[in-house]
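Participant: Just so it is clear, I am handing over work_17.txt, which has compact mmCIF, C-alpha atoms.
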```
# COMPACT_ATOMS: atom_id res chain seq x y z
CA MET H 1 65.90 82.59 288.76
CA PHE H 2 65.95 85.31 291.34
CA ILE H 3 69.67 85.76 290.87
CA ASN H 4 69.23 86.32 287.12
CA ALA H 5 66.58 88.91 287.83
CA LEU H 6 68.91 90.66 290.25
CA ILE H 7 71.67 90.87 287.66
CA THR H 8 69.25 92.21 285.08
CA VAL H 9 68.10 95.01 287.39
CA THR H 10 71.65 95.92 288.21
CA LEU H 11 72.57 96.21 284.53
CA LEU H 12 69.54 98.35 283.81
CA VAL H 13 70.69 100.82 286.47
CA ILE H 14 74.13 100.93 284.94
CA ASN H 15 72.67 101.34 281.46
CA HIS H 16 70.90 104.44 282.64
CA GLN H 17 74.22 106.04 283.56
CA VAL H 18 76.15 105.36 280.35
CA SER H 19 75.44 106.83 276.96
CA SER H 20 75.88 103.91 274.64
CA GLN H 21 73.11 101.34 274.73
CA SER H 22 74.83 98.91 272.40
CA PHE H 23 77.88 98.82 274.63
CA ASN H 24 75.72 98.05 277.68
CA GLU H 25 73.99 95.26 275.85
CA ASP H 26 77.32 93.68 275.08
CA PHE H 27 78.46 94.10 278.64
CA LEU H 28 75.21 92.51 279.80
CA LYS H 29 75.97 89.43 277.81
CA ARG H 30 79.42 89.22 279.36
CA PHE H 31 78.17 89.90 282.85
CA GLN H 32 75.59 87.12 282.63
CA ASN H 33 78.47 84.69 282.55
CA VAL H 34 79.65 85.86 285.95
CA ASN H 35 79.03 83.31 288.58
CA ILE H 36 77.24 85.02 291.43
CA ASN H 37 77.61 82.95 294.55
CA THR H 38 75.08 83.11 297.24
CA ASN H 39 75.86 82.33 300.76
CA THR H 40 72.62 81.28 302.16
CA ARG H 41 72.31 80.85 305.72
CA ARG H 42 69.83 78.44 306.88
CA SER H 43 67.08 80.28 308.54
CA SER H 44 63.78 79.16 309.71
CA GLY H 45 61.67 78.40 306.70
CA GLU H 46 64.38 79.68 304.15
CA ASN H 47 62.40 82.79 303.19
CA LEU H 48 63.33 85.19 300.28
CA GLU H 49 64.50 88.03 302.52
CA GLY H 50 67.22 85.97 304.07
CA LEU H 51 68.37 84.78 300.68
CA THR H 52 68.86 88.24 299.17
CA ARG H 53 70.52 89.67 302.24
CA ASN H 54 73.54 87.41 301.85
CA THR H 55 74.17 88.01 298.04
CA PHE H 56 77.79 88.78 296.95
CA VAL H 57 79.85 89.03 293.66
CA ASP H 58 82.88 86.86 292.89
CA SER H 59 85.66 89.33 291.89
CA ASN H 60 87.76 86.64 290.25
CA ARG H 61 85.22 86.13 287.51
CA LEU H 62 84.30 89.71 286.70
CA PRO H 63 84.75 90.72 283.01
CA GLY H 64 87.43 93.24 282.12
CA LYS H 65 90.98 94.03 283.21
CA LEU H 66 91.68 94.98 286.78
CA LYS H 67 93.23 98.41 287.28
CA PRO H 68 95.38 99.45 290.26
CA ASP H 69 92.53 101.59 291.59
CA GLY H 70 90.27 98.51 291.86
CA THR H 71 88.15 99.17 288.78
CA TYR H 72 87.62 96.84 285.86
CA CYS H 73 87.96 98.20 282.30
CA ILE H 74 86.62 96.70 279.09
CA ASN H 75 87.62 97.79 275.54
CA LYS H 76 84.65 98.15 273.25
CA VAL H 77 84.37 99.15 269.59
CA VAL H 78 81.55 101.66 269.35
CA GLU H 79 80.15 103.27 266.20
CA VAL H 80 80.00 107.02 266.56
CA GLU H 81 78.14 109.25 264.15
CA GLU H 82 80.35 112.05 262.81
CA THR H 83 79.97 114.77 260.23
CA GLU H 84 82.53 114.50 257.42
CA PHE H 85 83.40 117.39 255.11
CA GLU H 86 85.20 117.67 251.80
CA ARG H 87 88.22 119.64 252.83
CA GLY H 88 89.97 121.94 250.42
CA MET H 89 91.81 125.19 250.15
CA GLU H 90 90.73 128.44 248.52
CA CYS H 91 93.36 130.98 247.61
CA HIS H 92 92.76 134.60 246.72
CA HIS H 93 95.37 136.62 244.89
CA THR H 94 95.70 140.30 245.54
CA PHE H 95 98.26 142.92 244.74
CA ASN H 96 99.77 145.23 247.30
CA LYS H 97 101.13 148.51 246.10
CA LYS H 98 104.58 149.27 247.50
CA CYS H 99 106.25 152.56 246.72
CA HIS H 100 109.65 154.05 247.35
CA ILE H 101 111.35 157.28 246.46
CA THR H 102 113.99 157.16 243.78
CA TYR H 103 116.02 159.91 242.21
CA ILE H 104 116.35 160.29 238.49
CA THR H 105 118.80 162.47 236.63
CA ASP H 106 117.11 165.26 234.74
CA TYR H 107 118.70 167.87 232.55
CA SER H 108 117.61 171.46 232.40
CA SER H 109 118.63 173.97 229.79
CA SER H 110 120.68 176.86 231.06
CA ALA H 111 122.00 179.80 229.04
CA GLU H 112 125.54 180.86 229.71
CA LYS H 113 127.83 183.37 228.12
CA LYS H 114 130.71 181.91 226.19
CA CYS H 115 133.48 184.07 224.83
CA ASP H 116 136.24 183.29 222.38
CA THR H 117 139.24 185.32 221.42
CA ASP H 118 139.59 185.79 217.71
CA PHE H 119 142.27 187.55 215.77
CA ARG H 120 141.38 189.91 212.99
CA LYS H 121 143.88 190.55 210.27
CA LYS H 122 144.01 194.22 209.45
CA CYS H 123 146.02 195.12 206.39
CA ARG H 124 146.93 198.35 204.65
CA ILE H 125 148.03 198.33 201.05
CA THR H 126 150.26 201.11 199.82
CA PHE H 127 151.72 201.58 196.36
CA LYS H 128 155.40 202.33 196.04
CA ALA H 129 156.97 203.62 192.85
CA VAL H 130 159.72 201.26 191.80
CA PRO H 131 161.78 202.10 188.68
CA HIS H 132 162.93 199.32 186.41
CA ASN H 133 164.49 199.14 182.97
CA GLU H 134 162.58 197.59 180.16
CA LYS H 135 163.58 196.99 176.55
CA VAL H 136 161.10 198.33 174.05
CA LYS H 137 161.17 197.83 170.30
CA VAL H 138 160.02 201.03 168.64
CA CYS H 139 159.00 200.93 164.99
CA HIS H 140 157.59 203.63 162.75
CA THR H 141 156.74 203.89 159.10
CA PRO H 142 157.97 207.24 157.70
CA LEU H 143 156.13 209.01 154.90
CA VAL H 144 158.02 209.13 151.63
CA ARG H 145 157.41 211.85 149.03
CA LYS H 146 156.92 210.75 145.43
CA CYS H 147 156.96 213.60 142.88
CA ASP H 148 156.53 213.97 139.10
CA ASP H 149 159.39 215.82 137.42
CA GLU H 150 157.36 217.22 134.55
CA ASN H 151 155.17 219.79 136.15
CA LYS H 152 156.13 221.34 139.46
CA GLY H 153 153.19 222.94 141.13
CA PRO H 154 152.77 225.13 144.14
CA GLU H 155 153.56 223.78 147.60
CA VAL H 156 150.59 222.24 149.35
CA CYS H 157 150.53 221.27 153.05
CA THR H 158 148.46 218.30 154.24
CA THR H 159 148.10 216.34 157.46
CA GLU H 160 149.27 212.78 157.14
CA TYR H 161 149.26 210.02 159.73
CA GLU H 162 152.43 208.11 160.45
CA ASN H 163 152.18 204.66 162.00
CA HIS H 164 154.22 204.27 165.24
CA CYS H 165 154.36 200.88 167.03
CA GLU H 166 155.97 199.80 170.29
CA THR H 167 156.62 196.21 171.22
CA LYS H 168 157.09 195.26 174.88
CA TYR H 169 158.27 191.85 175.97
CA LYS H 170 156.39 190.32 178.88
CA VAL H 171 158.31 187.57 180.70
CA TYR H 172 156.35 184.97 182.67
CA GLU H 173 156.83 181.43 183.93
CA LEU H 174 154.51 178.50 183.38
CA ASP H 175 154.41 174.74 183.85
CA GLN H 176 154.92 173.00 180.58
CA ASP H 177 154.85 169.32 179.75
CA GLU H 178 158.07 168.35 178.05
CA PRO H 179 159.29 164.91 177.03
CA ASN H 180 162.40 163.52 178.65
CA CYS H 181 163.97 161.13 176.16
CA LYS H 182 166.95 158.81 176.37
CA MET H 183 168.43 156.05 174.28
CA VAL H 184 168.29 152.53 175.65
CA GLU H 185 169.18 149.16 174.16
CA GLU H 186 166.59 146.45 173.88
CA LEU H 187 167.24 142.80 173.27
CA ARG H 188 165.30 141.43 170.34
CA CYS H 189 165.32 137.69 169.67
CA MET H 190 164.04 135.55 166.83
CA ASN H 191 164.12 131.85 165.95
CA VAL H 192 166.34 130.82 163.02
CA THR H 193 166.76 127.43 161.39
CA VAL H 194 170.31 126.07 161.18
CA GLU H 195 171.00 123.08 158.92
CA LEU H 196 173.39 120.47 160.20
CA PHE H 197 175.47 119.46 157.20
CA HIS H 198 178.09 117.58 159.16
CA ILE H 199 175.61 114.95 160.25
CA GLU H 200 175.10 112.17 157.74
CA THR H 201 171.58 110.99 157.17
CA SER H 202 169.69 108.85 154.69
CA ASN H 203 167.08 111.54 154.10
CA THR H 204 167.35 113.79 151.12
CA SER H 205 167.10 116.92 153.29
CA PRO H 206 169.81 117.55 155.87
CA PRO H 207 168.82 117.73 159.55
CA PHE H 208 168.31 121.10 161.14
CA VAL H 209 167.83 122.72 164.50
CA VAL H 210 165.96 125.85 165.59
CA LYS H 211 168.23 128.33 167.30
CA GLU H 212 167.35 131.60 168.99
CA LYS H 213 169.26 134.58 167.66
CA CYS H 214 169.27 137.79 169.69
CA GLU H 215 170.45 141.31 168.85
CA ARG H 216 170.54 144.58 170.77
CA TRP H 217 168.71 147.47 169.16
CA PRO H 218 168.90 151.10 170.26
CA VAL H 219 165.49 152.45 171.21
CA GLN H 220 164.56 155.97 172.22
CA LYS H 221 162.23 156.02 175.20
CA CYS H 222 160.59 159.17 176.39
CA GLU H 223 158.81 160.08 179.58
CA LEU H 224 156.54 163.07 179.85
CA GLY H 225 157.40 165.42 182.70
CA THR H 226 156.38 168.86 183.92
CA LYS H 227 158.97 171.60 183.74
CA VAL H 228 158.88 175.27 184.64
CA VAL H 229 159.86 177.32 181.60
CA THR H 230 160.23 181.02 181.05
CA LYS H 231 158.22 182.45 178.22
CA VAL H 232 158.55 185.83 176.57
CA HIS H 233 155.34 187.17 175.15
CA PRO H 234 155.56 190.28 172.93
CA GLU H 235 152.84 192.85 173.26
CA THR H 236 152.64 195.34 170.41
CA SER H 237 150.61 198.53 170.48
CA CYS H 238 150.35 200.89 167.51
CA ASN H 239 149.20 204.47 167.22
CA LYS H 240 148.51 206.85 164.35
CA ILE H 241 150.51 210.02 164.86
CA PRO H 242 149.40 213.03 162.78
CA LYS H 243 152.12 214.88 160.90
CA GLU H 244 151.87 217.93 158.69
CA VAL H 245 153.58 217.40 155.36
CA CYS H 246 154.15 220.21 152.83
CA ALA H 247 155.04 219.33 149.28
CA PRO H 248 154.47 220.60 145.75
CA SER H 249 151.19 219.72 144.22
CA ASN H 250 152.83 217.30 141.83
CA CYS H 251 154.09 215.22 144.77
CA LYS H 252 152.34 212.56 146.75
CA THR H 253 153.24 211.07 150.14
CA ALA H 254 153.14 207.32 150.80
CA PRO H 255 154.25 205.04 153.65
CA GLY H 256 157.83 204.01 153.32
CA LYS H 257 159.89 201.16 154.76
CA GLU H 258 159.40 200.42 158.44
CA ILE H 259 162.27 201.51 160.65
CA CYS H 260 162.76 199.71 164.01
CA LYS H 261 165.10 200.19 166.89
CA GLU H 262 165.38 198.94 170.46
CA GLU H 263 165.30 201.38 173.30
CA THR H 264 165.91 200.87 176.98
CA ARG H 265 163.37 202.77 178.94
CA THR H 266 163.25 203.39 182.62
CA LEU H 267 159.70 202.77 183.68
CA VAL H 268 158.24 203.57 187.03
CA GLN H 269 155.77 200.99 188.26
CA ASN H 270 153.63 201.23 191.33
CA VAL H 271 154.29 198.04 193.28
CA PRO H 272 151.75 197.27 196.03
CA GLU H 273 153.08 196.74 199.52
CA GLU H 274 150.87 195.14 202.15
CA ASP H 275 151.37 195.92 205.80
CA CYS H 276 149.29 193.64 208.07
CA ASP H 277 148.70 193.41 211.77
CA LEU H 278 146.77 190.92 213.93
CA GLN H 279 144.35 192.55 216.31
CA PRO H 280 142.77 190.35 219.01
CA GLN H 281 139.10 190.77 219.64
CA GLU H 282 136.74 188.97 221.97
CA SER H 283 133.52 187.63 220.53
CA CYS H 284 130.86 186.48 222.97
CA ARG H 285 127.64 184.62 222.45
CA MET H 286 124.93 183.06 224.57
CA GLN H 287 125.13 179.30 224.50
CA SER H 288 122.64 176.92 226.04
CA SER H 289 123.99 173.97 227.98
CA LEU H 290 122.38 171.07 229.82
CA VAL H 291 122.81 171.08 233.59
CA PRO H 292 122.12 167.80 235.41
CA ARG H 293 119.95 167.69 238.51
CA LEU H 294 118.37 165.02 240.72
CA VAL H 295 114.58 164.91 240.74
CA PRO H 296 112.75 162.75 243.33
CA LYS H 297 110.20 160.41 241.84
CA GLN H 298 107.89 157.92 243.46
CA ASN H 299 108.40 154.47 242.06
CA CYS H 300 105.59 152.00 242.80
CA ILE H 301 105.37 148.33 242.07
CA LYS H 302 102.60 145.80 242.59
CA VAL H 303 103.61 142.92 244.81
CA PRO H 304 101.42 139.82 244.40
CA LYS H 305 99.97 138.42 247.63
CA GLU H 306 98.30 135.05 248.08
CA VAL H 307 95.84 134.44 250.93
CA CYS H 308 94.67 130.85 251.36
CA VAL H 309 92.02 129.47 253.77
CA ASN H 310 90.95 125.93 254.50
CA THR H 311 87.41 125.10 253.39
CA LYS H 312 84.88 122.48 254.44
CA LYS H 313 82.17 121.65 251.92
CA ASN H 314 79.48 119.06 251.31
CA PRO H 315 78.92 117.80 254.89
CA LYS H 316 77.63 114.24 255.30
CA LYS H 317 76.90 111.98 258.27
CA ILE H 318 79.01 108.85 258.60
CA LYS H 319 79.34 106.20 261.28
CA LYS H 320 82.86 105.72 262.44
CA PRO H 321 83.99 102.89 264.74
CA ILE H 322 86.08 103.98 267.69
CA MET H 323 87.62 102.11 270.59
CA LYS H 324 86.24 103.07 274.01
CA GLU H 325 87.40 101.89 277.38
CA TRP H 326 84.50 101.35 279.79
CA CYS H 327 85.42 101.02 283.47
CA TYR H 328 83.26 100.07 286.46
CA ASN H 329 83.64 99.37 290.15
CA PRO H 330 82.04 96.13 291.44
CA ASP H 331 81.37 97.75 294.80
CA ASP H 332 79.32 100.43 293.12
CA LEU H 333 77.26 97.76 291.41
CA LEU H 334 76.38 96.10 294.69
CA LYS H 335 75.68 99.46 296.29
CA GLU H 336 73.29 100.44 293.53
CA TYR H 337 71.72 97.07 293.71
CA ASP H 338 71.15 97.40 297.47
CA GLU H 339 69.71 100.87 297.04
CA SER H 340 67.37 99.66 294.41
CA LYS H 341 66.11 96.97 296.78
CA LYS H 342 65.16 99.41 299.50
```
Translate the structure of the given file into C-alpha cells.
Facilitator:
Amino acid sequence: MFINALITVTLLVINHQVSSQSFNEDFLKRFQNVNINTNTRRSSGENLEGLTRNTFVDSNRLPGKLKPDGTYCINKVVEVEETEFERGMECHHTFNKKCHITYITDYSSSAEKKCDTDFRKKCRITFKAVPHNEKVKVCHTPLVRKCDDENKGPEVCTTEYENHCETKYKVYELDQDEPNCKMVEELRCMNVTVELFHIETSNTSPPFVVKEKCERWPVQKCELGTKVVTKVHPETSCNKIPKEVCAPSNCKTAPGKEICKEETRTLVQNVPEEDCDLQPQESCRMQSSLVPRLVPKQNCIKVPKEVCVNTKKNPKKIKKPIMKEWCYNPDDLLKEYDESKK
C-alpha cells in the first residue's frame, strides 16, 4: 500500500509540470501497471524508513518507447481548443489612369499665291474693198403717150413716176433632204393549184397539187439622204423714179410694157479681215491649302486593377484532436520522488 502511495505522489509532481491533465491521468493509469520492485534489506525491526530507502524502478516495464537519449516517449491523442474562421477572399476593383503622349495629324489652313499663265486672243478686224462682178436684171416700165387725134391742145408738162426694178441673185448652199432611188427586183410567190390529168382516178374530180409559183417584179426603193445643194434666191427691189413728161393736153401718159435686160456690174464689197494674236498674261490669285502638322496629345486609358485579400469571418471555438508525444526520464522521477520525501 505504501508503494501505491509513492507512485501516486510521484505522478502528482509530474502532473504539476505538464499542461494537459487528461494526458497525465492516462499516463497514471499506465504507470500503475509498472511493477515497482523493492529490495528490502532486513533490518532490525523492519521499520518504514529502511523500506523506502531501498525503493527502485524496473526500467524494463516502463510505459513508452525508449529513445537513444534514455527517455521514454508516449504518443497521446489530446483535444486542443482552437478558433476556426470562415475563410474567404474579398476583391476590390479599381482603375488606374495611364497616359502617354501621342501625335495626331492636324491640318491648318494656309494661304498661298497661285499663278497661272493664260493666253488672251487679241484680234483686229479691218474691212478690205474687194471688187466682184455680179449679174443684175434691170427692168423698167416706160411711160407711153396716148393722144386723141381730134383736138390738139397746148403742150402741158407733168411729172410722172416710172417704175424701175433691179433683181439680184443671191447664191447660197444648204443641206437638203433628197431621196436616193433605185430599181430592184423582188421575188413574189403565190400558191397555184395544178390538176393532174394524167393520173387515173375513180373520183369525178381529177387529183391536184398545190405548187408555188414565183415571179420577179421590179420595185423602186428610195432612201432619204442629206445633200448639199446650191440655191439661187432672187432679190428684187423697185423704186419710183420721177420723170418730167411734156405732151399736148389731148394726150395722156400710161405705163407701157416692161423692158428688162441683164447687166454685169462690178460691185465693191467690204470684206472683213481678222488679224489675231495670242498675248500671254499671268493671272494670280490667293488660294488656301491645308498644311499637315503633328500635334502632341495626351492619350489616357483606364487600366482595371484587382486587389484581393484573404478574410477570416465568424470565429468559433472547436476542439480538435492532435497527436502529442510525451517524453519522461525515469531518473528524474526517482529524483523528484526523493526530493519530495525530504
Participant: So, with all atoms listed in the file as the atoms that count, which of H:His92, H:Lys98, H:Lys122, H:Lys312 lies closest to Pro280 of chain H?
Facilitator: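 Smallest distance to Pro280 of chain H is found for H:Lys122.
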Participant: Which residues, written as JSON, numbers by chain, have at least one atom at most 12 Å from Arg293 of chain H, with only C-alpha atoms counted and residues fewer than 4 positions away on the same chain left out?
Facilitator: {"H": [103, 104, 105, 106, 107, 108, 109, 110]}
Participant: Just give me the gap between atom CA of Ser283 of chain H and atom CA of Asp118 of chain H in Å, one decimal is fine.
Facilitator: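 For atom CA of Ser283 of chain H relative to atom CA of Asp118 of chain H, the distance reads 6.9 Å.
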Participant: May I have the protein, DNA and RNA residues with any atom at most 8 Å from the point (82.1, 98.1, 269.1), counting all atoms listed in the file, written as a PyMOL selection string?
Facilitator: chain H and resi 23+76-79+321-323
Participant: Quick one: of H:Thr226, H:Gln298, H:Thr264, H:Asn314, who's nearest to Thr83 of chain H, counting only C-alpha atoms?
Facilitator: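 Distance minimum relative to Thr83 of chain H lands on H:Asn314.
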Participant: State, in Å with one decimal place, the distance from atom CA of Thr159 of chain H to atom CA of Ile259 of chain H.
Facilitator: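 Rounded to one decimal, the two atoms are 20.8 Å apart.
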Participant: Distance atom CA of Gly153 of chain H-atom CA of Ala247 of chain H, one decimal place?
Facilitator: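 Separating atom CA of Gly153 of chain H from atom CA of Ala247 of chain H is a distance of 9.1 Å.
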Participant: Nearest to Arg285 of chain H: which of H:Lys211, H:Lys65, H:Lys319, H:Lys114 is it, counting only C-alpha atoms?
Facilitator: H:Lys114
Participant: Write out as a list in words which residues come within 12 Å of Phe85 of chain H when counting all atoms listed in the file, dropping same-chain ones fewer than 2 positions away.
Facilitator: Glu82, Thr83, Arg87, Gly88, Asn310, Thr311, Lys312, Lys313, Asn314, Pro315, Lys316, Lys317 and Ile318 of chain H
Participant: Would you mind listing what lies within 7 Å of Thr236 of chain H as a PyMOL selection string, with all atoms listed in the file counted and same-chain residues fewer than 2 positions away left out?
Facilitator: chain H and resi 165-168+234+238
Participant: Name the closest residue to Leu290 of chain H among the candidates H:Ala111, H:Met190, H:Val184, H:Ile101; distances are taken between atoms, counting only C-alpha atoms.
Facilitator: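 Smallest separation from Leu290 of chain H among the options: H:Ala111.
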Participant: Ranking H:Cys139, H:Cys99, H:Leu66, H:Leu267 by minimum distance to Asn299 of chain H and counting all atoms listed in the file, which one comes first?
Facilitator: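 Of H:Cys139, H:Cys99, H:Leu66, H:Leu267, the one nearest Asn299 of chain H, counting all atoms listed in the file, is H:Cys99.
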